[in-house]
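Structure file structure.cif; described as mmCIF, C-alpha atoms.
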```
data_target
loop_
_atom_site.group_PDB
_atom_site.id
_atom_site.type_symbol
_atom_site.label_atom_id
_atom_site.label_comp_id
_atom_site.auth_asym_id
_atom_site.auth_seq_id
_atom_site.Cartn_x
_atom_site.Cartn_y
_atom_site.Cartn_z
ATOM 1 C CA MET A 1 17.495 153.731 86.766
ATOM 2 C CA SER A 2 16.898 157.457 86.631
ATOM 3 C CA ALA A 3 13.932 159.356 88.039
ATOM 4 C CA TYR A 4 12.927 160.044 84.453
ATOM 5 C CA ASP A 5 12.657 156.272 83.840
ATOM 6 C CA GLU A 6 10.190 156.051 86.733
ATOM 7 C CA ARG A 7 7.933 158.731 85.282
ATOM 8 C CA SER A 8 8.097 158.013 81.558
ATOM 9 C CA TRP A 9 5.715 155.508 79.983
ATOM 10 C CA THR A 10 8.519 154.124 77.812
ATOM 11 C CA GLY A 11 10.552 153.298 80.931
ATOM 12 C CA ARG A 12 7.585 151.577 82.558
ATOM 13 C CA VAL A 13 6.799 149.574 79.404
ATOM 14 C CA ARG A 14 10.466 148.534 79.073
ATOM 15 C CA ARG A 15 10.684 147.353 82.685
ATOM 16 C CA ARG A 16 7.445 145.367 82.375
ATOM 17 C CA ALA A 17 8.553 143.845 79.040
ATOM 18 C CA VAL A 18 11.979 142.823 80.383
ATOM 19 C CA ALA A 19 10.397 141.425 83.576
ATOM 20 C CA ALA A 20 7.910 139.347 81.538
ATOM 21 C CA LEU A 21 10.419 138.265 78.905
ATOM 22 C CA PRO A 22 14.060 138.601 79.955
ATOM 23 C CA PRO A 23 16.508 138.276 77.007
ATOM 24 C CA GLU A 24 17.559 134.725 77.954
ATOM 25 C CA LYS A 25 13.890 133.653 77.727
ATOM 26 C CA LEU A 26 13.108 135.692 74.608
ATOM 27 C CA LEU A 27 16.064 134.290 72.644
ATOM 28 C CA PRO A 28 17.114 131.058 74.354
ATOM 29 C CA ASP A 29 20.155 129.213 73.006
ATOM 30 C CA GLU A 30 19.057 125.782 74.193
ATOM 31 C CA GLN A 31 15.852 123.817 74.772
ATOM 32 C CA PRO A 32 14.958 120.954 77.158
ATOM 33 C CA ALA A 33 15.984 117.433 76.075
ATOM 34 C CA TYR A 34 12.359 116.379 75.439
ATOM 35 C CA VAL A 35 12.111 118.919 72.586
ATOM 36 C CA ALA A 36 14.366 116.630 70.504
ATOM 37 C CA SER A 37 11.426 115.015 68.683
ATOM 38 C CA TRP A 38 9.972 115.552 65.213
ATOM 39 C CA ILE A 39 6.566 116.425 66.696
ATOM 40 C CA TYR A 40 8.050 119.673 68.062
ATOM 41 C CA VAL A 41 9.145 120.738 64.571
ATOM 42 C CA PHE A 42 5.686 121.472 63.160
ATOM 43 C CA GLY A 43 5.193 124.777 64.966
ATOM 44 C CA VAL A 44 8.250 126.291 63.332
ATOM 45 C CA LEU A 45 7.322 124.665 59.995
ATOM 46 C CA SER A 46 3.994 126.507 60.245
ATOM 47 C CA LEU A 47 5.921 129.744 60.850
ATOM 48 C CA ALA A 48 8.171 129.076 57.836
ATOM 49 C CA SER A 49 5.110 128.412 55.646
ATOM 50 C CA LEU A 50 3.536 131.648 56.899
ATOM 51 C CA ALA A 51 6.679 133.590 55.956
ATOM 52 C CA VAL A 52 6.616 132.154 52.407
ATOM 53 C CA LEU A 53 2.870 132.827 52.269
ATOM 54 C CA ILE A 54 3.286 136.500 53.165
ATOM 55 C CA GLY A 55 6.289 136.928 50.858
ATOM 56 C CA SER A 56 4.554 135.394 47.821
ATOM 57 C CA GLY A 57 1.298 137.205 48.669
ATOM 58 C CA THR A 58 3.123 140.542 48.802
ATOM 59 C CA ILE A 59 4.582 139.941 45.332
ATOM 60 C CA LEU A 60 1.137 138.950 43.978
ATOM 61 C CA ALA A 61 -0.428 142.071 45.498
ATOM 62 C CA LEU A 62 2.269 144.292 43.982
ATOM 63 C CA LYS A 63 1.869 142.850 40.481
ATOM 64 C CA GLY A 64 -1.916 142.329 40.276
ATOM 65 C CA PRO A 65 -4.368 139.830 38.684
ATOM 66 C CA GLY A 66 -3.270 140.448 35.081
ATOM 67 C CA TRP A 67 0.238 139.334 36.031
ATOM 68 C CA TRP A 68 -0.670 136.312 38.144
ATOM 69 C CA HIS A 69 -3.115 134.993 35.510
ATOM 70 C CA PHE A 70 -1.272 135.632 32.250
ATOM 71 C CA THR A 71 2.511 135.423 32.796
ATOM 72 C CA GLY A 72 4.814 132.513 33.575
ATOM 73 C CA ALA A 73 6.333 134.232 36.615
ATOM 74 C CA GLY A 74 2.833 135.164 37.787
ATOM 75 C CA HIS A 75 1.717 131.523 37.551
ATOM 76 C CA PHE A 76 4.840 130.517 39.475
ATOM 77 C CA PHE A 77 4.215 132.896 42.393
ATOM 78 C CA ASN A 78 0.503 132.084 42.344
ATOM 79 C CA SER A 79 1.433 128.404 42.751
ATOM 80 C CA ILE A 80 3.968 129.211 45.496
ATOM 81 C CA HIS A 81 1.212 131.095 47.333
ATOM 82 C CA LEU A 82 -1.235 128.177 46.965
ATOM 83 C CA TRP A 83 1.227 125.474 48.052
ATOM 84 C CA ALA A 84 2.468 127.621 50.948
ATOM 85 C CA VAL A 85 -1.077 127.841 52.309
ATOM 86 C CA GLU A 86 -1.529 124.082 51.822
ATOM 87 C CA LEU A 87 1.680 123.498 53.821
ATOM 88 C CA PHE A 88 0.705 126.118 56.411
ATOM 89 C CA PHE A 89 -2.552 124.325 57.224
ATOM 90 C CA PHE A 90 -0.969 120.871 56.951
ATOM 91 C CA CYS A 91 1.771 121.749 59.474
ATOM 92 C CA MET A 92 -0.640 123.691 61.678
ATOM 93 C CA VAL A 93 -3.011 120.707 61.912
ATOM 94 C CA VAL A 94 -0.178 118.283 62.818
ATOM 95 C CA HIS A 95 1.088 120.875 65.377
ATOM 96 C CA LEU A 96 -2.456 121.199 66.779
ATOM 97 C CA TRP A 97 -2.881 117.417 67.078
ATOM 98 C CA GLY A 98 0.486 117.087 68.819
ATOM 99 C CA LYS A 99 -0.280 119.860 71.304
ATOM 100 C CA TYR A 100 -3.822 118.571 71.916
ATOM 101 C CA TRP A 101 -2.632 115.061 72.796
ATOM 102 C CA MET A 102 0.104 116.379 75.099
ATOM 103 C CA ALA A 103 -2.444 118.779 76.741
ATOM 104 C CA ALA A 104 -0.275 121.791 75.991
ATOM 105 C CA TRP A 105 -2.421 124.074 78.177
ATOM 106 C CA ARG A 106 -0.856 122.502 81.308
ATOM 107 C CA GLY A 107 1.381 124.485 83.659
ATOM 108 C CA GLY A 108 -0.242 127.894 83.191
ATOM 109 C CA ARG A 109 -0.107 127.693 79.384
ATOM 110 C CA ALA A 110 -3.843 128.312 78.764
ATOM 111 C CA ARG A 111 -3.148 131.532 76.829
ATOM 112 C CA VAL A 112 -0.528 129.760 74.694
ATOM 113 C CA TRP A 113 -3.125 127.142 73.730
ATOM 114 C CA MET A 114 -5.914 129.682 73.182
ATOM 115 C CA THR A 115 -3.889 132.016 70.950
ATOM 116 C CA GLY A 116 -2.834 128.998 68.859
ATOM 117 C CA ALA A 117 -6.415 127.761 68.520
ATOM 118 C CA VAL A 118 -7.660 131.242 67.590
ATOM 119 C CA VAL A 119 -4.892 131.595 64.951
ATOM 120 C CA PHE A 120 -6.216 128.409 63.350
ATOM 121 C CA LEU A 121 -9.792 129.735 63.364
ATOM 122 C CA VAL A 122 -8.814 133.168 61.958
ATOM 123 C CA ALA A 123 -6.575 131.577 59.303
ATOM 124 C CA ILE A 124 -9.587 129.748 57.802
ATOM 125 C CA PRO A 125 -11.494 132.876 56.615
ATOM 126 C CA CYS A 126 -8.102 134.369 55.695
ATOM 127 C CA ALA A 127 -7.596 131.485 53.241
ATOM 128 C CA LEU A 128 -11.223 131.363 52.063
ATOM 129 C CA THR A 129 -11.224 135.074 51.155
ATOM 130 C CA GLY A 130 -8.197 134.227 48.988
ATOM 131 C CA TYR A 131 -10.273 131.739 47.000
ATOM 132 C CA VAL A 132 -12.828 134.469 46.189
ATOM 133 C CA SER A 133 -10.074 137.025 45.368
ATOM 134 C CA GLN A 134 -8.552 135.079 42.471
ATOM 135 C CA GLN A 135 -10.369 137.134 39.774
ATOM 136 C CA ASN A 136 -11.462 134.142 37.692
ATOM 137 C CA PHE A 137 -14.518 131.929 37.126
ATOM 138 C CA ASP A 138 -13.479 129.706 40.036
ATOM 139 C CA ALA A 139 -13.671 132.720 42.383
ATOM 140 C CA GLN A 140 -17.074 133.722 40.943
ATOM 141 C CA TRP A 141 -18.431 130.215 41.452
ATOM 142 C CA ILE A 142 -17.143 129.966 45.035
ATOM 143 C CA SER A 143 -18.358 133.459 45.998
ATOM 144 C CA THR A 144 -21.876 132.919 44.610
ATOM 145 C CA GLN A 145 -22.101 129.637 46.535
ATOM 146 C CA ALA A 146 -20.574 131.071 49.704
ATOM 147 C CA LYS A 147 -22.819 134.157 49.780
ATOM 148 C CA ASP A 148 -25.776 131.795 50.305
ATOM 149 C CA ALA A 149 -23.998 130.360 53.346
ATOM 150 C CA MET A 150 -23.426 133.898 54.706
ATOM 151 C CA ASN A 151 -27.072 134.874 54.070
ATOM 152 C CA SER A 152 -28.432 131.708 55.665
ATOM 153 C CA ALA A 153 -26.255 132.390 58.725
ATOM 154 C CA GLY A 154 -27.683 135.927 58.956
ATOM 155 C CA ILE A 155 -24.375 137.731 58.376
ATOM 156 C CA GLY A 156 -24.740 138.441 54.652
ATOM 157 C CA ALA A 157 -25.261 142.170 55.369
ATOM 158 C CA PHE A 158 -21.762 142.369 56.852
ATOM 159 C CA PHE A 159 -19.827 140.054 54.533
ATOM 160 C CA ASN A 160 -20.711 140.386 50.840
ATOM 161 C CA LEU A 161 -18.699 137.683 49.116
ATOM 162 C CA LEU A 162 -19.590 139.062 45.680
ATOM 163 C CA ASN A 163 -17.852 142.339 46.591
ATOM 164 C CA PHE A 164 -14.278 141.822 45.365
ATOM 165 C CA GLY A 165 -12.973 144.991 47.050
ATOM 166 C CA GLN A 166 -14.271 143.925 50.450
ATOM 167 C CA MET A 167 -13.003 140.343 50.131
ATOM 168 C CA TYR A 168 -9.597 141.457 48.831
ATOM 169 C CA SER A 169 -9.214 143.907 51.746
ATOM 170 C CA TYR A 170 -10.023 141.122 54.161
ATOM 171 C CA HIS A 171 -7.601 138.771 52.411
ATOM 172 C CA VAL A 172 -4.550 141.003 51.997
ATOM 173 C CA PHE A 173 -4.836 143.274 55.032
ATOM 174 C CA LEU A 174 -7.361 142.725 57.841
ATOM 175 C CA LEU A 175 -7.178 138.954 58.322
ATOM 176 C CA PRO A 176 -3.394 138.559 57.701
ATOM 177 C CA LEU A 177 -2.837 141.372 60.213
ATOM 178 C CA ALA A 178 -4.909 139.432 62.762
ATOM 179 C CA VAL A 179 -3.108 136.154 61.970
ATOM 180 C CA VAL A 180 0.371 137.707 62.261
ATOM 181 C CA ALA A 181 -0.510 139.580 65.488
ATOM 182 C CA LEU A 182 -1.872 136.378 67.044
ATOM 183 C CA VAL A 183 1.153 134.363 65.873
ATOM 184 C CA VAL A 184 3.516 136.944 67.437
ATOM 185 C CA ALA A 185 1.552 136.786 70.694
ATOM 186 C CA HIS A 186 1.580 132.960 70.528
ATOM 187 C CA VAL A 187 5.354 132.764 70.004
ATOM 188 C CA LEU A 188 6.065 135.322 72.770
ATOM 189 C CA LEU A 189 3.837 133.322 75.149
ATOM 190 C CA VAL A 190 5.702 130.119 74.222
ATOM 191 C CA ARG A 191 8.971 131.921 74.988
ATOM 192 C CA ARG A 192 7.617 133.136 78.313
ATOM 193 C CA HIS A 193 6.185 129.824 79.541
ATOM 194 C CA GLY A 194 8.561 127.424 77.768
ATOM 195 C CA VAL A 195 7.704 124.363 75.664
ATOM 196 C CA VAL A 196 5.215 122.087 77.418
ATOM 197 C CA PRO A 197 6.906 118.966 78.881
ATOM 198 C CA PRO A 198 5.610 115.485 77.986
ATOM 199 C CA PHE A 199 3.410 113.516 80.399
ATOM 200 C CA ARG A 200 5.223 111.416 82.987
ATOM 201 C CA VAL A 201 4.869 107.733 82.106
ATOM 202 C CA SER A 202 5.661 106.616 85.692
ATOM 203 C CA GLU A 203 6.162 108.145 89.122
ATOM 204 C CA ASP A 204 9.920 107.618 88.742
ATOM 205 C CA ASP A 205 10.124 110.035 85.802
ATOM 206 C CA SER A 206 11.218 113.512 86.721
ATOM 207 C CA MET B 207 4.528 121.456 29.161
ATOM 208 C CA ALA B 208 1.925 118.865 30.058
ATOM 209 C CA ALA B 209 0.827 118.730 33.678
ATOM 210 C CA VAL B 210 2.013 115.788 35.750
ATOM 211 C CA PHE B 211 -1.600 115.083 36.691
ATOM 212 C CA ASP B 212 -4.476 115.470 34.237
ATOM 213 C CA LEU B 213 -6.959 117.734 36.046
ATOM 214 C CA ASN B 214 -9.362 118.175 33.103
ATOM 215 C CA HIS B 215 -12.085 116.010 34.542
ATOM 216 C CA HIS B 216 -14.592 116.088 37.389
ATOM 217 C CA ALA B 217 -13.226 115.517 40.884
ATOM 218 C CA SER B 218 -13.542 111.984 42.271
ATOM 219 C CA TYR B 219 -15.528 111.615 45.477
ATOM 220 C CA VAL B 220 -15.929 108.951 48.118
ATOM 221 C CA HIS B 221 -19.480 108.604 49.383
ATOM 222 C CA TRP B 222 -20.474 106.412 52.325
ATOM 223 C CA HIS B 223 -23.841 107.105 53.976
ATOM 224 C CA PHE B 224 -23.684 110.723 55.207
ATOM 225 C CA PHE B 225 -19.926 110.955 54.592
ATOM 226 C CA GLN B 226 -18.903 112.606 51.338
ATOM 227 C CA MET B 227 -15.458 113.937 50.526
ATOM 228 C CA SER B 228 -13.260 114.495 47.481
ATOM 229 C CA VAL B 229 -10.471 111.945 47.074
ATOM 230 C CA SER B 230 -7.877 114.753 47.097
ATOM 231 C CA ASN B 231 -9.093 116.057 50.479
ATOM 232 C CA LEU B 232 -9.175 112.523 51.851
ATOM 233 C CA LEU B 233 -5.594 111.928 50.680
ATOM 234 C CA VAL B 234 -4.427 115.112 52.455
ATOM 235 C CA ILE B 235 -6.078 113.994 55.706
ATOM 236 C CA VAL B 236 -4.516 110.515 55.415
ATOM 237 C CA ALA B 237 -1.121 112.160 54.722
ATOM 238 C CA MET B 238 -1.506 114.328 57.861
ATOM 239 C CA ILE B 239 -2.243 111.247 59.983
ATOM 240 C CA VAL B 240 0.760 109.400 58.514
ATOM 241 C CA VAL B 241 3.071 112.398 59.074
ATOM 242 C CA PHE B 242 1.739 112.759 62.644
ATOM 243 C CA ALA B 243 2.507 109.100 63.392
ATOM 244 C CA VAL B 244 5.976 109.318 61.815
ATOM 245 C CA ALA B 245 6.728 112.530 63.753
ATOM 246 C CA ILE B 246 6.028 110.716 67.025
ATOM 247 C CA LEU B 247 7.757 107.434 66.200
ATOM 248 C CA ALA B 248 10.767 108.417 64.079
ATOM 249 C CA PRO B 249 14.004 109.032 66.014
ATOM 250 C CA PHE B 250 15.190 112.643 66.015
ATOM 251 C CA PRO B 251 18.804 113.102 64.874
ATOM 252 C CA GLY B 252 20.999 113.888 67.876
ATOM 253 C CA GLY B 253 18.107 113.377 70.286
ATOM 254 C CA LYS B 254 19.860 110.618 72.250
ATOM 255 C CA ARG B 255 22.903 112.785 72.993
ATOM 256 C CA LYS B 256 20.857 115.459 74.767
ATOM 257 C CA SER B 257 18.939 113.193 77.125
#
```

Output the file's structure in the form of C-alpha cells.
Amino acid sequence: MSAYDERSWTGRVRRRAVAALPPEKLLPDEQPAYVASWIYVFGVLSLASLAVLIGSGTILALKGPGWWHFTGAGHFFNSIHLWAVELFFFCMVVHLWGKYWMAAWRGGRARVWMTGAVVFLVAIPCALTGYVSQQNFDAQWISTQAKDAMNSAGIGAFFNLLNFGQMYSYHVFLLPLAVVALVVAHVLLVRRHGVVPPFRVSEDDS
Amino acid sequence: MAAVFDLNHHASYVHWHFFQMSVSNLLVIVAMIVVFAVAILAPFPGGKRKS
C-alpha cells in the first residue's frame, strides 16, 4: 500500500469495501448445506422477476403508449411487464413469509431484514403508479378513485394521481431507483452476513 | 384469437361479514400459501448429498 493510498479517498473507500465484503464473501462459490431447500429459492426468483420487470419496462418506456396499446408486440411486452410484476410480488411474499418464520433478523441480520421489508413497502407504490400510468380508461378510473384516498390522508397536495407526468416519473424513475438501490443494499448485506441458519430443533443440533 | 378466459363480465367477489375480496385475488393468496407449503415440504434435488 502506497502513501498515496493512505491519503486518497478512493484508497480509503476500497480498503473499507474490501474489509466489509472480501471477494470470497461477495461472490461465494458454495453455500451452507441448509440452503438446499426450495424456500431459499424465492429471493433469487424475486430478483429474476425484477430483472424481467425492468427489461420489459425499459422497452415500454422507449416505445410509448401508442405502441403498447395498439400493436401486437406492444401488447406482448405490456403483458410481460404485468406478469413479471405479478411474479415479483408473488415470490417476494413467499420469500417474506419464509424469512419471517425463520426469524431472519437473528445473528446481527437486522439490517438485512429491514432493507427487505422496506423494498416490499416501496415496491407497492411503484406498482400502483404503474396502474395509473397505463394511458387508458382503467388508469383514469383508478387515479380518480385513488386521488380521494390521497386527499383523505392529507397528502393530496404532494401526490396528484390525476397528473400523468408526475405519476409516470414516479413509476419509471424515482420509485424503481429506490427499489433497485434497496435491493442492491439487501443483497450486499446478505453476502456480508450470510444466509440465516434454521432454528435448532434440539440441543444436539449444531 | 379468443382469450383463454372470458373477462367480459363483472369480477366475482366473495363476501363474508366484513371480509370482501375478488375471487382472483383470493386465488392468488391461496396459491401463495400452497407454494409456501410445497417449498418447505418438497425435497430439494441434491439436498441430501450436501448434508

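Interatomic distance, atom CA of Trp141 of chain A against atom CA of Ile124 of chain A: 18.6 Å.
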
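Nearest residue to Gly57 of chain A, choosing from A:Gln134, A:Gln31, A:Thr71, A:Ser37 and counting only C-alpha atoms: A:Gln134.
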
Close residues, Ala178 of chain A itself excluded, 10 Å, all atoms listed in the file, min 2 positions apart in chain, as number ranges by chain
A: 118-119, 122-123, 126, 173-176, 180-184

Interatomic distance between atom CA of Pro249 of chain B and atom CA of Pro198 of chain A?
16.0 Å

List as JSON lines every residue of segment 60-162 of chain A that is in contact with segment 227-245 of chain B, defined as an atom at most 12 Å from one of its atoms (using all atoms listed in the file), together with the nearest atom pair and the distance in Å rounded to one decimal, sorted by chain and then rising number.
```
{"residue": "A:Glu86", "atom": "CA", "partner": "B:Val234", "partner_atom": "CA", "distance": 9.4}
{"residue": "A:Leu87", "atom": "CA", "partner": "B:Val234", "partner_atom": "CA", "distance": 10.5}
{"residue": "A:Phe89", "atom": "CA", "partner": "B:Met238", "partner_atom": "CA", "distance": 10.1}
{"residue": "A:Phe90", "atom": "CA", "partner": "B:Met238", "partner_atom": "CA", "distance": 6.6}
{"residue": "A:Cys91", "atom": "CA", "partner": "B:Met238", "partner_atom": "CA", "distance": 8.3}
{"residue": "A:Met92", "atom": "CA", "partner": "B:Met238", "partner_atom": "CA", "distance": 10.1}
{"residue": "A:Val93", "atom": "CA", "partner": "B:Met238", "partner_atom": "CA", "distance": 7.7}
{"residue": "A:Val94", "atom": "CA", "partner": "B:Phe242", "partner_atom": "CA", "distance": 5.8}
{"residue": "A:His95", "atom": "CA", "partner": "B:Phe242", "partner_atom": "CA", "distance": 8.6}
{"residue": "A:Leu96", "atom": "CA", "partner": "B:Phe242", "partner_atom": "CA", "distance": 10.3}
{"residue": "A:Trp97", "atom": "CA", "partner": "B:Phe242", "partner_atom": "CA", "distance": 7.9}
{"residue": "A:Gly98", "atom": "CA", "partner": "B:Phe242", "partner_atom": "CA", "distance": 7.6}
{"residue": "A:Lys99", "atom": "CA", "partner": "B:Phe242", "partner_atom": "CA", "distance": 11.4}
{"residue": "A:Trp101", "atom": "CA", "partner": "B:Phe242", "partner_atom": "CA", "distance": 11.3}
```

Grab all the atoms of segment 219-236 of chain B that the file lists, wrap them in a box along x, y and z, add 6 Å per side, and give me centre plus edge lengths in Å (one decimal) as JSON.
```
{"center_x": -14.1, "center_y": 111.2, "center_z": 50.6, "size_x": 31.4, "size_y": 21.6, "size_z": 22.2}
```

Applying 8 Å and only C-alpha atoms, which residues near segment 49-54 of chain A remain after dropping the ones on its own chain fewer than 5 positions away? List them as a PyMOL selection string.
chain A and resi 80-81+84-85+87-88

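Computed from the coordinates, the atom CA of Val132 of chain A to atom CA of Trp83 of chain A distance equals 16.8 Å.
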